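Visitor: For reference, this is data-v2.cif, and it has mmCIF, C-alpha atoms.
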```cif
data_entry
#
loop_
_atom_site.label_atom_id
_atom_site.label_comp_id
_atom_site.auth_asym_id
_atom_site.auth_seq_id
_atom_site.Cartn_x
_atom_site.Cartn_y
_atom_site.Cartn_z
CA MET A 1 123.09 3.68 66.95
CA THR A 2 124.56 5.63 69.88
CA ASP A 3 122.56 7.98 72.08
CA ASP A 4 124.23 10.96 70.43
CA GLU A 5 123.39 9.69 66.97
CA LEU A 6 119.80 9.03 67.98
CA ASP A 7 119.60 12.50 69.59
CA GLU A 8 120.82 14.02 66.34
CA ARG A 9 118.23 12.13 64.31
CA ILE A 10 115.53 13.14 66.77
CA ARG A 11 116.54 16.81 66.59
CA GLY A 12 116.50 16.65 62.81
CA ALA A 13 113.09 15.05 62.71
CA ALA A 14 111.77 17.37 65.43
CA ARG A 15 112.20 20.40 63.18
CA GLY A 16 109.20 19.12 61.29
CA TYR A 17 107.13 18.66 64.46
CA ASN A 18 103.87 20.63 64.13
CA ALA A 19 105.46 22.71 61.36
CA PRO A 20 103.61 26.04 61.40
CA PRO A 21 101.92 27.38 58.28
CA GLU A 22 102.19 31.02 57.26
CA THR A 23 100.99 33.31 60.03
CA PRO A 24 97.33 34.25 59.48
CA ARG A 25 98.05 37.70 60.85
CA GLU A 26 95.13 39.63 59.37
CA GLU A 27 92.57 37.07 60.48
CA MET A 28 93.95 36.98 64.01
CA TRP A 29 94.31 40.75 64.21
CA ALA A 30 90.67 41.24 63.20
CA ARG A 31 89.60 39.13 66.16
CA ILE A 32 92.03 40.79 68.56
CA ALA A 33 90.90 44.25 67.52
CA GLU A 34 87.27 43.21 67.91
CA ALA A 35 87.95 41.85 71.37
CA ARG A 36 89.81 45.03 72.33
CA ARG A 37 86.90 47.14 71.14
CA ALA A 38 84.41 44.98 73.04
CA HIS A 39 86.59 45.20 76.14
CA ALA A 40 86.86 48.96 75.86
CA SER A 41 83.13 49.47 75.37
CA THR A 42 82.03 47.10 78.15
CA PRO A 43 84.48 47.49 81.01
CA THR A 44 82.27 45.45 83.32
CA GLY A 45 80.33 42.32 82.49
CA PRO A 46 80.58 40.07 79.46
CA ALA A 47 80.75 41.58 76.00
CA PRO A 48 77.76 41.12 73.71
CA ALA A 49 78.06 38.15 71.40
CA THR A 50 78.27 38.95 67.74
CA PRO A 51 79.23 36.71 64.85
CA SER A 52 82.59 38.39 64.46
CA ASP A 53 83.66 37.94 68.09
CA ALA A 54 82.17 34.50 68.48
CA ARG A 55 85.66 33.10 69.11
CA VAL A 56 86.57 35.75 71.62
CA ILE A 57 83.56 35.57 73.88
CA PRO A 58 83.98 31.90 74.76
CA LEU A 59 87.46 32.67 76.04
CA ARG A 60 85.99 35.32 78.35
CA ARG A 61 83.35 32.91 79.52
CA TRP A 62 86.01 30.30 80.12
CA ARG A 63 87.57 32.66 82.61
CA LEU A 64 84.29 33.09 84.47
CA VAL A 65 83.67 29.35 84.42
CA GLY A 66 87.23 28.77 85.63
CA LEU A 67 86.73 31.27 88.42
CA ALA A 68 83.53 29.56 89.51
CA ALA A 69 85.15 26.14 89.31
CA ALA A 70 88.14 27.39 91.29
CA ALA A 71 85.82 28.79 93.92
CA ALA A 72 84.05 25.42 94.13
CA ALA A 73 87.35 23.61 94.44
CA ILE A 74 88.53 26.02 97.11
CA LEU A 75 85.36 25.34 99.09
CA ALA A 76 85.68 21.62 98.51
CA VAL A 77 89.28 21.61 99.67
CA GLY A 78 88.45 23.63 102.75
CA VAL A 79 85.36 21.66 103.72
CA GLY A 80 86.76 18.32 102.60
CA ILE A 81 89.57 18.36 105.07
CA GLY A 82 87.31 19.58 107.85
CA ARG A 83 89.27 22.67 108.69
CA VAL A 84 86.94 25.51 107.87
CA SER A 85 84.47 24.88 110.65
CA THR A 86 86.59 23.16 113.27
CA ASP A 87 89.77 25.14 113.62
CA PRO A 88 89.15 28.71 114.76
CA GLN A 89 92.64 29.74 113.72
CA VAL A 90 92.04 28.52 110.18
CA SER A 91 88.49 29.91 110.10
CA SER A 92 89.94 33.35 110.54
CA TRP A 93 91.97 32.77 107.39
CA VAL A 94 88.92 31.85 105.36
CA ALA A 95 87.08 35.00 106.36
CA PRO A 96 88.98 37.50 104.14
CA SER A 97 86.75 39.15 101.62
CA THR A 98 89.25 39.45 98.80
CA LYS A 99 89.64 36.88 96.06
CA GLY A 100 93.41 36.90 96.53
CA ALA A 101 93.18 36.02 100.21
CA ALA A 102 90.78 33.14 99.48
CA TYR A 103 93.15 31.93 96.81
CA ARG A 104 96.09 31.96 99.21
CA VAL A 105 94.16 29.91 101.75
CA ALA A 106 93.18 27.34 99.12
CA ALA A 107 96.70 27.23 97.71
CA GLN A 108 98.20 26.71 101.13
CA GLU A 109 95.81 23.87 101.89
CA HIS A 110 96.62 22.27 98.58
CA LEU A 111 100.36 22.64 99.03
CA GLY A 112 100.07 21.11 102.48
CA GLN A 113 98.20 18.12 101.10
CA SER A 114 100.72 17.79 98.31
CA GLU A 115 103.63 17.82 100.71
CA ALA A 116 102.00 15.07 102.76
CA PHE A 117 101.27 13.08 99.63
CA LEU A 118 104.78 13.35 98.19
CA THR A 119 106.30 12.40 101.53
CA LEU A 120 104.16 9.26 101.61
CA PHE A 121 104.80 8.61 97.94
CA ARG A 122 108.58 8.72 98.36
CA ALA A 123 108.25 6.28 101.25
CA SER A 124 106.04 3.97 99.19
CA VAL A 125 108.58 3.97 96.35
CA ARG A 126 111.22 2.80 98.77
CA ARG A 127 108.83 0.06 99.94
CA ASP A 128 107.90 -0.81 96.35
CA GLY A 129 104.27 0.17 97.05
CA ASP A 130 101.09 -0.02 95.03
CA TYR A 131 101.20 2.87 92.57
CA ARG A 132 97.58 2.67 91.52
CA LEU A 133 96.48 4.31 94.76
CA ALA A 134 99.23 6.89 94.42
CA ALA A 135 98.19 7.58 90.84
CA ALA A 136 94.56 8.05 91.89
CA SER A 137 95.56 10.43 94.69
CA ALA A 138 97.86 12.32 92.34
CA ARG A 139 94.98 12.79 89.91
CA GLN A 140 92.86 14.34 92.67
CA LEU A 141 95.66 16.70 93.61
CA LEU A 142 96.36 17.42 89.96
CA ALA A 143 92.77 18.55 89.43
CA THR A 144 93.02 21.04 92.30
CA ASN A 145 96.50 22.08 91.16
CA ARG A 146 95.18 22.91 87.70
CA LEU A 147 92.25 24.87 89.08
CA LEU A 148 94.65 26.90 91.20
CA LEU A 149 96.97 27.44 88.23
CA ASP A 150 94.07 28.47 86.00
CA SER A 151 92.59 30.83 88.55
CA PRO A 152 92.80 34.53 87.65
CA ALA A 153 93.78 35.10 91.28
CA ALA A 154 97.07 33.23 90.71
CA VAL A 155 99.25 36.31 90.69
CA ASP A 156 101.89 35.27 93.22
CA ARG A 157 104.83 34.32 91.04
CA LYS A 158 106.54 32.14 93.66
CA THR A 159 103.41 30.10 94.31
CA ARG A 160 102.70 29.81 90.60
CA LEU A 161 106.20 28.47 89.89
CA LEU A 162 105.84 25.96 92.71
CA LEU A 163 102.42 24.86 91.41
CA GLU A 164 103.87 24.43 87.91
CA ASP A 165 106.74 22.28 89.17
CA LEU A 166 104.31 20.37 91.36
CA GLU A 167 102.05 19.77 88.38
CA LEU A 168 104.89 18.15 86.50
CA VAL A 169 105.54 15.72 89.34
CA LEU A 170 101.85 15.01 89.98
CA ALA A 171 101.19 14.44 86.28
CA GLU A 172 103.95 11.85 86.15
CA ILE A 173 102.70 10.07 89.25
CA ALA A 174 99.12 10.19 87.93
CA GLN A 175 100.22 8.23 84.91
CA LEU A 176 101.95 5.47 86.84
CA SER A 177 100.53 2.04 86.20
CA PRO A 178 101.46 -1.55 87.00
CA HIS A 179 103.38 -1.47 83.72
CA SER A 180 105.52 1.49 84.70
CA ARG A 181 109.23 0.92 84.73
CA ALA A 182 111.90 1.74 87.25
CA GLU A 183 113.04 4.48 84.89
CA ASP A 184 109.68 6.24 85.26
CA LEU A 185 109.99 6.19 89.05
CA LYS A 186 113.54 7.46 88.82
CA LEU A 187 112.42 10.37 86.64
CA ILE A 188 109.72 11.24 89.17
CA ARG A 189 112.20 11.10 92.04
CA ASP A 190 114.59 13.25 90.01
CA GLY A 191 111.76 15.68 89.34
CA ILE A 192 111.08 16.03 93.05
CA GLU A 193 114.77 16.38 93.91
CA HIS A 194 115.99 18.59 91.05
CA GLY A 195 113.25 21.16 91.42
CA ASP A 196 113.68 21.28 95.20
CA VAL A 197 109.95 20.66 95.30
CA MET A 198 109.85 19.28 98.84
CA PRO A 199 111.86 22.09 100.48
CA ARG A 200 109.79 24.67 98.61
CA LEU A 201 106.57 22.99 99.72
CA ARG A 202 107.75 22.98 103.30
CA THR A 203 108.65 26.64 103.04
CA ALA A 204 105.27 27.49 101.53
CA VAL A 205 103.30 25.67 104.22
CA PRO A 206 103.58 27.08 107.75
CA ALA A 207 104.78 24.58 110.35
CA GLY A 208 101.95 22.61 111.89
CA SER A 209 99.40 23.53 109.25
CA ALA A 210 100.05 20.76 106.74
CA PRO A 211 97.17 18.30 106.64
CA THR A 212 98.08 14.65 106.91
CA GLN A 213 94.65 13.23 106.15
CA GLY A 214 92.37 13.34 103.18
CA VAL A 215 94.99 12.60 100.56
CA LEU A 216 95.85 8.97 100.96
CA MET B 1 105.29 69.29 58.32
CA ALA B 2 104.26 65.97 59.86
CA GLU B 3 105.75 62.99 58.15
CA VAL B 4 103.19 60.67 56.55
CA ARG B 5 103.97 57.08 57.44
CA ASP B 6 102.89 54.00 55.54
CA PRO B 7 100.93 52.01 58.13
CA TYR B 8 102.16 48.75 56.59
CA ALA B 9 105.82 49.70 56.57
CA PRO B 10 108.09 48.15 59.22
CA GLU B 11 107.99 50.14 62.45
CA PRO B 12 111.15 52.12 62.99
CA VAL B 13 110.42 52.70 66.65
CA SER B 14 111.75 50.71 69.58
CA ASP B 15 109.68 48.39 71.72
CA ALA B 16 109.84 50.91 74.55
CA GLU B 17 108.36 53.64 72.38
CA LEU B 18 105.69 51.29 71.09
CA ILE B 19 104.74 50.34 74.63
CA ASP B 20 104.44 53.99 75.61
CA ARG B 21 102.20 54.65 72.63
CA VAL B 22 100.01 51.61 73.34
CA LEU B 23 99.64 52.68 76.96
CA ALA B 24 98.67 56.13 75.74
CA GLY B 25 95.81 54.53 73.81
CA ASP B 26 97.24 54.59 70.28
CA PRO B 27 95.55 51.71 68.39
CA GLY B 28 98.08 52.03 65.58
CA ALA B 29 100.81 51.21 68.06
CA GLU B 30 98.92 48.09 69.12
CA ARG B 31 98.93 46.94 65.53
CA ALA B 32 102.61 47.77 65.12
CA LEU B 33 103.51 45.86 68.25
CA TYR B 34 101.44 42.92 67.05
CA ASP B 35 103.08 42.99 63.61
CA ALA B 36 106.55 43.07 65.12
CA HIS B 37 106.06 39.98 67.26
CA VAL B 38 103.21 37.90 65.93
CA ASP B 39 105.30 35.62 63.72
CA ARG B 40 107.48 34.36 66.52
CA VAL B 41 104.54 33.97 68.89
CA PHE B 42 102.48 32.16 66.27
CA ARG B 43 105.31 29.75 65.43
CA LEU B 44 105.78 28.85 69.06
CA VAL B 45 102.08 28.51 69.83
CA TYR B 46 101.42 26.46 66.71
CA ARG B 47 104.23 24.08 67.63
CA MET B 48 102.55 23.54 70.97
CA ALA B 49 98.98 23.40 69.66
CA GLY B 50 99.48 21.41 66.46
CA ASP B 51 96.14 22.74 65.25
CA LEU B 52 95.47 25.94 63.33
CA ASP B 53 92.17 26.89 64.98
CA ARG B 54 93.54 26.28 68.43
CA ALA B 55 96.77 28.14 67.65
CA GLN B 56 94.82 31.15 66.40
CA ASP B 57 92.70 31.19 69.53
CA TRP B 58 95.76 31.03 71.75
CA VAL B 59 97.68 33.71 69.85
CA GLN B 60 94.61 35.92 70.05
CA GLU B 61 94.40 35.32 73.79
CA THR B 62 98.13 35.99 74.15
CA PHE B 63 97.92 39.43 72.59
CA ILE B 64 94.70 40.34 74.39
CA ARG B 65 96.35 39.48 77.69
CA ALA B 66 99.54 41.27 76.67
CA PHE B 67 97.70 44.49 75.85
CA GLU B 68 95.77 44.28 79.11
CA LYS B 69 98.92 43.70 81.15
CA LEU B 70 101.31 45.88 79.22
CA GLY B 71 101.41 48.40 82.03
CA ASP B 72 102.94 45.70 84.23
CA PHE B 73 105.81 45.04 81.82
CA ARG B 74 108.95 46.20 83.58
CA GLY B 75 111.43 45.71 80.77
CA GLU B 76 113.39 43.15 82.77
CA SER B 77 113.41 40.93 79.69
CA ALA B 78 112.94 41.62 76.01
CA LEU B 79 109.35 42.31 75.01
CA SER B 80 109.47 39.28 72.71
CA THR B 81 110.46 37.06 75.64
CA TRP B 82 107.66 38.51 77.77
CA LEU B 83 105.18 37.83 74.98
CA CYS B 84 106.48 34.28 74.62
CA SER B 85 106.04 33.76 78.36
CA ILE B 86 102.37 34.77 78.04
CA ALA B 87 102.05 32.61 74.93
CA MET B 88 103.46 29.59 76.75
CA SER B 89 101.20 30.18 79.73
CA VAL B 90 98.16 30.40 77.45
CA SER B 91 99.29 27.34 75.48
CA LEU B 92 99.95 25.19 78.54
CA ASN B 93 96.61 26.18 80.07
CA GLY B 94 94.95 25.42 76.76
CA LEU B 95 96.63 22.05 76.52
CA ARG B 96 95.45 21.24 80.04
CA LYS B 97 91.90 22.02 79.03
CA VAL B 98 92.24 19.88 75.91
CA LYS B 99 93.67 17.08 78.00
CA ARG B 100 90.87 17.34 80.55
CA PHE B 101 88.34 17.21 77.74
CA ARG B 102 89.96 14.10 76.33
CA GLU B 103 90.16 12.50 79.75
CA ARG B 104 86.40 12.64 79.98
CA GLU B 105 86.27 10.30 77.03
CA VAL B 106 89.17 8.00 77.89
CA ALA B 107 89.80 6.91 81.47
CA LEU B 108 93.36 7.65 82.51
CA ASP B 109 93.82 4.12 83.82
CA ASP B 110 93.22 2.81 80.33
CA ALA B 111 95.61 5.26 78.73
CA LEU B 112 99.09 4.29 77.68
CA PRO B 113 101.91 4.92 80.16
CA VAL B 114 104.22 7.89 79.63
CA GLY B 115 106.52 7.53 76.67
CA PHE B 116 105.16 4.18 75.57
CA THR B 117 104.39 3.82 71.90
CA PRO B 118 103.26 0.55 70.40
CA ARG B 119 106.06 -0.91 68.36
CA GLU B 120 103.80 -1.58 65.46
CA ALA B 121 102.23 1.92 65.54
CA ASP B 122 104.20 3.50 62.72
CA PRO B 123 107.70 2.84 61.48
CA ASP B 124 108.21 6.43 60.39
CA LEU B 125 110.49 8.32 62.77
CA LYS B 126 108.68 11.64 62.40
CA THR B 127 105.30 10.12 63.17
CA ARG B 128 106.70 8.17 66.09
CA LEU B 129 108.57 11.20 67.34
CA ALA B 130 105.48 13.39 67.13
CA GLN B 131 103.57 10.95 69.31
CA ALA B 132 106.47 10.67 71.75
CA ILE B 133 106.63 14.47 72.04
CA GLU B 134 102.88 14.59 72.66
CA ASP B 135 103.36 12.06 75.44
CA LEU B 136 106.01 14.10 77.23
CA PRO B 137 105.01 15.82 80.46
CA GLU B 138 104.10 19.34 79.47
CA GLY B 139 107.09 20.98 81.12
CA TYR B 140 109.51 18.74 79.25
CA ARG B 141 107.56 19.24 76.06
CA ALA B 142 107.64 23.00 76.40
CA VAL B 143 111.40 23.08 76.91
CA PHE B 144 112.05 20.57 74.12
CA VAL B 145 109.89 22.46 71.63
CA MET B 146 111.37 25.82 72.58
CA HIS B 147 115.00 24.65 72.52
CA ASP B 148 115.33 21.84 70.02
CA VAL B 149 112.54 22.85 67.65
CA GLU B 150 112.31 26.65 67.83
CA GLY B 151 115.90 27.39 68.81
CA PHE B 152 115.36 29.38 72.02
CA THR B 153 118.34 29.57 74.38
CA HIS B 154 118.10 28.20 77.90
CA GLU B 155 118.25 31.77 79.19
CA GLU B 156 115.26 32.76 77.03
CA ILE B 157 113.37 29.63 78.03
CA GLY B 158 114.12 30.31 81.68
CA ARG B 159 112.74 33.83 81.42
CA ALA B 160 109.71 32.73 79.40
CA LEU B 161 108.80 29.82 81.67
CA GLY B 162 109.90 31.42 84.92
CA VAL B 163 112.55 28.83 85.73
CA GLN B 164 116.31 28.90 86.09
CA PRO B 165 118.34 28.16 82.94
CA GLY B 166 119.72 25.14 84.80
CA THR B 167 116.20 23.82 85.25
CA SER B 168 115.60 24.28 81.55
CA LYS B 169 118.76 22.31 80.79
CA ALA B 170 117.77 19.53 83.18
CA GLN B 171 114.28 19.31 81.71
CA LEU B 172 115.70 19.20 78.18
CA PHE B 173 118.06 16.42 79.23
CA ARG B 174 115.18 14.45 80.68
CA ALA B 175 112.94 15.15 77.69
CA ARG B 176 115.61 13.82 75.34
CA ALA B 177 116.08 10.76 77.56
CA LYS B 178 112.35 10.07 77.42
CA LEU B 179 112.32 10.48 73.65
CA ARG B 180 115.31 8.16 73.26
CA GLN B 181 113.49 5.67 75.47
CA ALA B 182 110.31 5.97 73.43
CA LEU B 183 112.22 5.55 70.17
CA ALA B 184 114.70 2.95 71.39
CA ASP B 185 113.27 0.20 69.23
CA PHE B 186 113.57 2.47 66.25
CA ALA B 187 117.29 2.87 66.92
CA GLY B 188 117.54 -0.90 67.23
CA ASP B 189 115.80 -1.40 63.91
CA ARG B 190 118.27 0.94 62.26
CA ASN B 191 121.11 -1.11 63.61
CA GLY B 192 119.83 -4.07 61.87
#
```
Let me see whether you can do it: turn the structure in this file into structure tokens.
Guide:
Amino acid sequence: MTDDELDERIRGAARGYNAPPETPREEMWARIAEARRAHASTPTGPAPATPSDARVIPLRRWRLVGLAAAAAAILAVGVGIGRVSTDPQVSSWVAPSTKGAAYRVAAQEHLGQSEAFLTLFRASVRRDGDYRLAAASARQLLATNRLLLDSPAAVDRKTRLLLEDLELVLAEIAQLSPHSRAEDLKLIRDGIEHGDVMPRLRTAVPAGSAPTQGVL
Amino acid sequence: MAEVRDPYAPEPVSDAELIDRVLAGDPGAERALYDAHVDRVFRLVYRMAGDLDRAQDWVQETFIRAFEKLGDFRGESALSTWLCSIAMSVSLNGLRKVKRFREREVALDDALPVGFTPREADPDLKTRLAQAIEDLPEGYRAVFVMHDVEGFTHEEIGRALGVQPGTSKAQLFRARAKLRQALADFAGDRNG
């Protein structure tokens, strides 16, 4: 079977992938309307839990939990690389009172770490390095990347797109194992090259601010 | 005399008019906007979720977010595309949370590598394919589902996912390559 023939068979079979049932529009609308009413009546603070909005409230709480987790990660990133208390120039960044400014600081630190990691990773691929360490490091970065992506403060479209492309690359590296094949590495390299991830990381991180420790 | 309109009849108004009415606080317009777009959003979200409860939660979240952010919609893309972009964002975030939850139970080091499916897992192409699609990196999976399963164009995918159409094409190419790789033994079996 040729690649084209296999592609055709795959496309045919894929039409049945997670085939959706009939849209439960009334059921969903009831919950949406309830959530809208709750939102309108309680503009600040969480909405009261009632049986009918039991599925809506957890989503709201997820956002608060995500915000708290993101704040913890931001602090961990800042403290973990020893920059908050030691570099007066950086300390002045961390001072801003707005959530958006704190997010930008955390994102920049993360992007700097990611740039350093990917640079080392590309070098290790050329040296046929040990991918278990790279996978472990990628998982750490992936966790921070996801917190940043999930944060309600993630409103900067350019940074968000970069984080999404970065996530793809980090997720692939995180899944490397001693059984991984050359094809997997090639796909990761292609992912870094095709998305211009490295140039975009360098652009996003001011010269001289990229951390080189704490990742590997 | 004011015309009496059947609330369940198809809305004759444009998306732009509906948006204006929603922003003016007309709850009937919210319902009309929902009715006009929910089928496409639900199909897409269900394809990503593969689970009815989860899909309903994510569609609900999509429309709640959409109504909250409707004032930011600039009309640079079709409203349906904008809604699909929110739906994909909600779905991908949801899938990440599901994945994180699962990772607490199964260490990543013990998980199967990307695209690898045990040869003896299931001889049925659809079952094997479903697993291979689940194993795709989420960006590839999103593009594959949108293009090859739901029939979105690369331009629509680009606008919905915030990437260039060329990136969408490249990711589709790589998704197909990964699927071919995952199903290579199946192709071999068919050859004899």
Visitor: Pick from B:Tyr46, B:Phe67, B:Phe173, B:Phe186: nearest to Pro27 in chain B, with all atoms listed in the file counted?
Guide: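 Result for the nearest residue to Pro27 in chain B: B:Phe67.
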Visitor: For chain B, report every residue with an atom at most 6 Å from chain A (counting all atoms listed in the file), formatted as a CSV table (one decimal) with C-alpha atoms, keeping the file's coordinate frame.
Guide:
```csv
chain,number,residue,atom,x,y,z
B,43,ARG,CA,105.3,29.8,65.4
B,46,TYR,CA,101.4,26.5,66.7
B,47,ARG,CA,104.2,24.1,67.6
B,50,GLY,CA,99.5,21.4,66.5
B,60,GLN,CA,94.6,35.9,70.0
B,126,LYS,CA,108.7,11.6,62.4
B,149,VAL,CA,112.5,22.8,67.6
B,187,ALA,CA,117.3,2.9,66.9
```
Visitor: Would you kindly return, as a PDB file with C-alpha atoms, in the coordinates of the input, each protein, DNA or RNA residue with an atom no farther than 12 Å from any atom of range 156-161 of chain B, considering all atoms listed in the file and excluding same-chain residues fewer than 2 positions away?
Guide:
```pdb
ATOM      1  CA  ARG A 157     104.830  34.320  91.040  1.00  0.00           C
ATOM      2  CA  ARG A 160     102.700  29.810  90.600  1.00  0.00           C
ATOM      3  CA  LEU A 161     106.200  28.470  89.890  1.00  0.00           C
ATOM      4  CA  GLU A 164     103.870  24.430  87.910  1.00  0.00           C
ATOM      5  CA  ASP A 165     106.740  22.280  89.170  1.00  0.00           C
TER       6      ASP A 165
ATOM      7  CA  VAL B  41     104.540  33.970  68.890  1.00  0.00           C
ATOM      8  CA  LEU B  44     105.780  28.850  69.060  1.00  0.00           C
ATOM      9  CA  GLY B  75     111.430  45.710  80.770  1.00  0.00           C
ATOM     10  CA  GLU B  76     113.390  43.150  82.770  1.00  0.00           C
ATOM     11  CA  SER B  77     113.410  40.930  79.690  1.00  0.00           C
ATOM     12  CA  ALA B  78     112.940  41.620  76.010  1.00  0.00           C
ATOM     13  CA  LEU B  79     109.350  42.310  75.010  1.00  0.00           C
ATOM     14  CA  SER B  80     109.470  39.280  72.710  1.00  0.00           C
ATOM     15  CA  THR B  81     110.460  37.060  75.640  1.00  0.00           C
ATOM     16  CA  TRP B  82     107.660  38.510  77.770  1.00  0.00           C
ATOM     17  CA  LEU B  83     105.180  37.830  74.980  1.00  0.00           C
ATOM     18  CA  CYS B  84     106.480  34.280  74.620  1.00  0.00           C
ATOM     19  CA  SER B  85     106.040  33.760  78.360  1.00  0.00           C
ATOM     20  CA  ILE B  86     102.370  34.770  78.040  1.00  0.00           C
ATOM     21  CA  ALA B  87     102.050  32.610  74.930  1.00  0.00           C
ATOM     22  CA  MET B  88     103.460  29.590  76.750  1.00  0.00           C
ATOM     23  CA  SER B  89     101.200  30.180  79.730  1.00  0.00           C
ATOM     24  CA  VAL B  90      98.160  30.400  77.450  1.00  0.00           C
ATOM     25  CA  SER B  91      99.290  27.340  75.480  1.00  0.00           C
ATOM     26  CA  LEU B  92      99.950  25.190  78.540  1.00  0.00           C
ATOM     27  CA  GLU B 138     104.100  19.340  79.470  1.00  0.00           C
ATOM     28  CA  GLY B 139     107.090  20.980  81.120  1.00  0.00           C
ATOM     29  CA  TYR B 140     109.510  18.740  79.250  1.00  0.00           C
ATOM     30  CA  ALA B 142     107.640  23.000  76.400  1.00  0.00           C
ATOM     31  CA  VAL B 143     111.400  23.080  76.910  1.00  0.00           C
ATOM     32  CA  PHE B 144     112.050  20.570  74.120  1.00  0.00           C
ATOM     33  CA  VAL B 145     109.890  22.460  71.630  1.00  0.00           C
ATOM     34  CA  MET B 146     111.370  25.820  72.580  1.00  0.00           C
ATOM     35  CA  HIS B 147     115.000  24.650  72.520  1.00  0.00           C
ATOM     36  CA  ASP B 148     115.330  21.840  70.020  1.00  0.00           C
ATOM     37  CA  GLU B 150     112.310  26.650  67.830  1.00  0.00           C
ATOM     38  CA  GLY B 151     115.900  27.390  68.810  1.00  0.00           C
ATOM     39  CA  PHE B 152     115.360  29.380  72.020  1.00  0.00           C
ATOM     40  CA  THR B 153     118.340  29.570  74.380  1.00  0.00           C
ATOM     41  CA  HIS B 154     118.100  28.200  77.900  1.00  0.00           C
ATOM     42  CA  VAL B 163     112.550  28.830  85.730  1.00  0.00           C
ATOM     43  CA  GLN B 164     116.310  28.900  86.090  1.00  0.00           C
ATOM     44  CA  PRO B 165     118.340  28.160  82.940  1.00  0.00           C
ATOM     45  CA  GLY B 166     119.720  25.140  84.800  1.00  0.00           C
ATOM     46  CA  THR B 167     116.200  23.820  85.250  1.00  0.00           C
ATOM     47  CA  SER B 168     115.600  24.280  81.550  1.00  0.00           C
ATOM     48  CA  LYS B 169     118.760  22.310  80.790  1.00  0.00           C
ATOM     49  CA  ALA B 170     117.770  19.530  83.180  1.00  0.00           C
ATOM     50  CA  GLN B 171     114.280  19.310  81.710  1.00  0.00           C
ATOM     51  CA  LEU B 172     115.700  19.200  78.180  1.00  0.00           C
TER      52      LEU B 172
END
```
Visitor: Can you tell me how far CA of Val59 in chain B sits from CA of Ala32 in chain B, in Å to one decimal?
Guide: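 One can read the CA of Val59 in chain B to CA of Ala32 in chain B distance as 15.6 Å.
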Visitor: Report, in Å with one decimal, the straight-line distance from CA of Leu183 in chain B to CA of Tyr131 in chain A.
Guide: 25.1 Å
Visitor: To one decimal in Å, tell me the separation between CA of Leu52 in chain B and CA of Ala132 in chain B.
Guide: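 Spanning CA of Leu52 in chain B to CA of Ala132 in chain B is a straight-line distance of 20.6 Å.
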Visitor: Taking all atoms listed in the file into account, name the residue in B:Ser14, B:Ile19, B:Ala175, B:Gln56 that is nearest to Lys69 in chain B.
Guide: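 Once distances to Lys69 in chain B are computed over all atoms listed in the file, the minimum belongs to B:Ile19.
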Visitor: Once the PyMOL selection byres ((chain B and resi 21-24) around 12) has been evaluated on this model, what residues remain selected, and can you format them as a PyMOL selection string?
Guide: chain B and resi 13-20+25-34+66-73
Visitor: Choose the residue, out of A:Ser151, A:Thr119, A:Ser124, A:Asn145, that has the smallest atom-to-atom separation from Val197 in chain A; count only C-alpha atoms.
Guide: A:Thr119
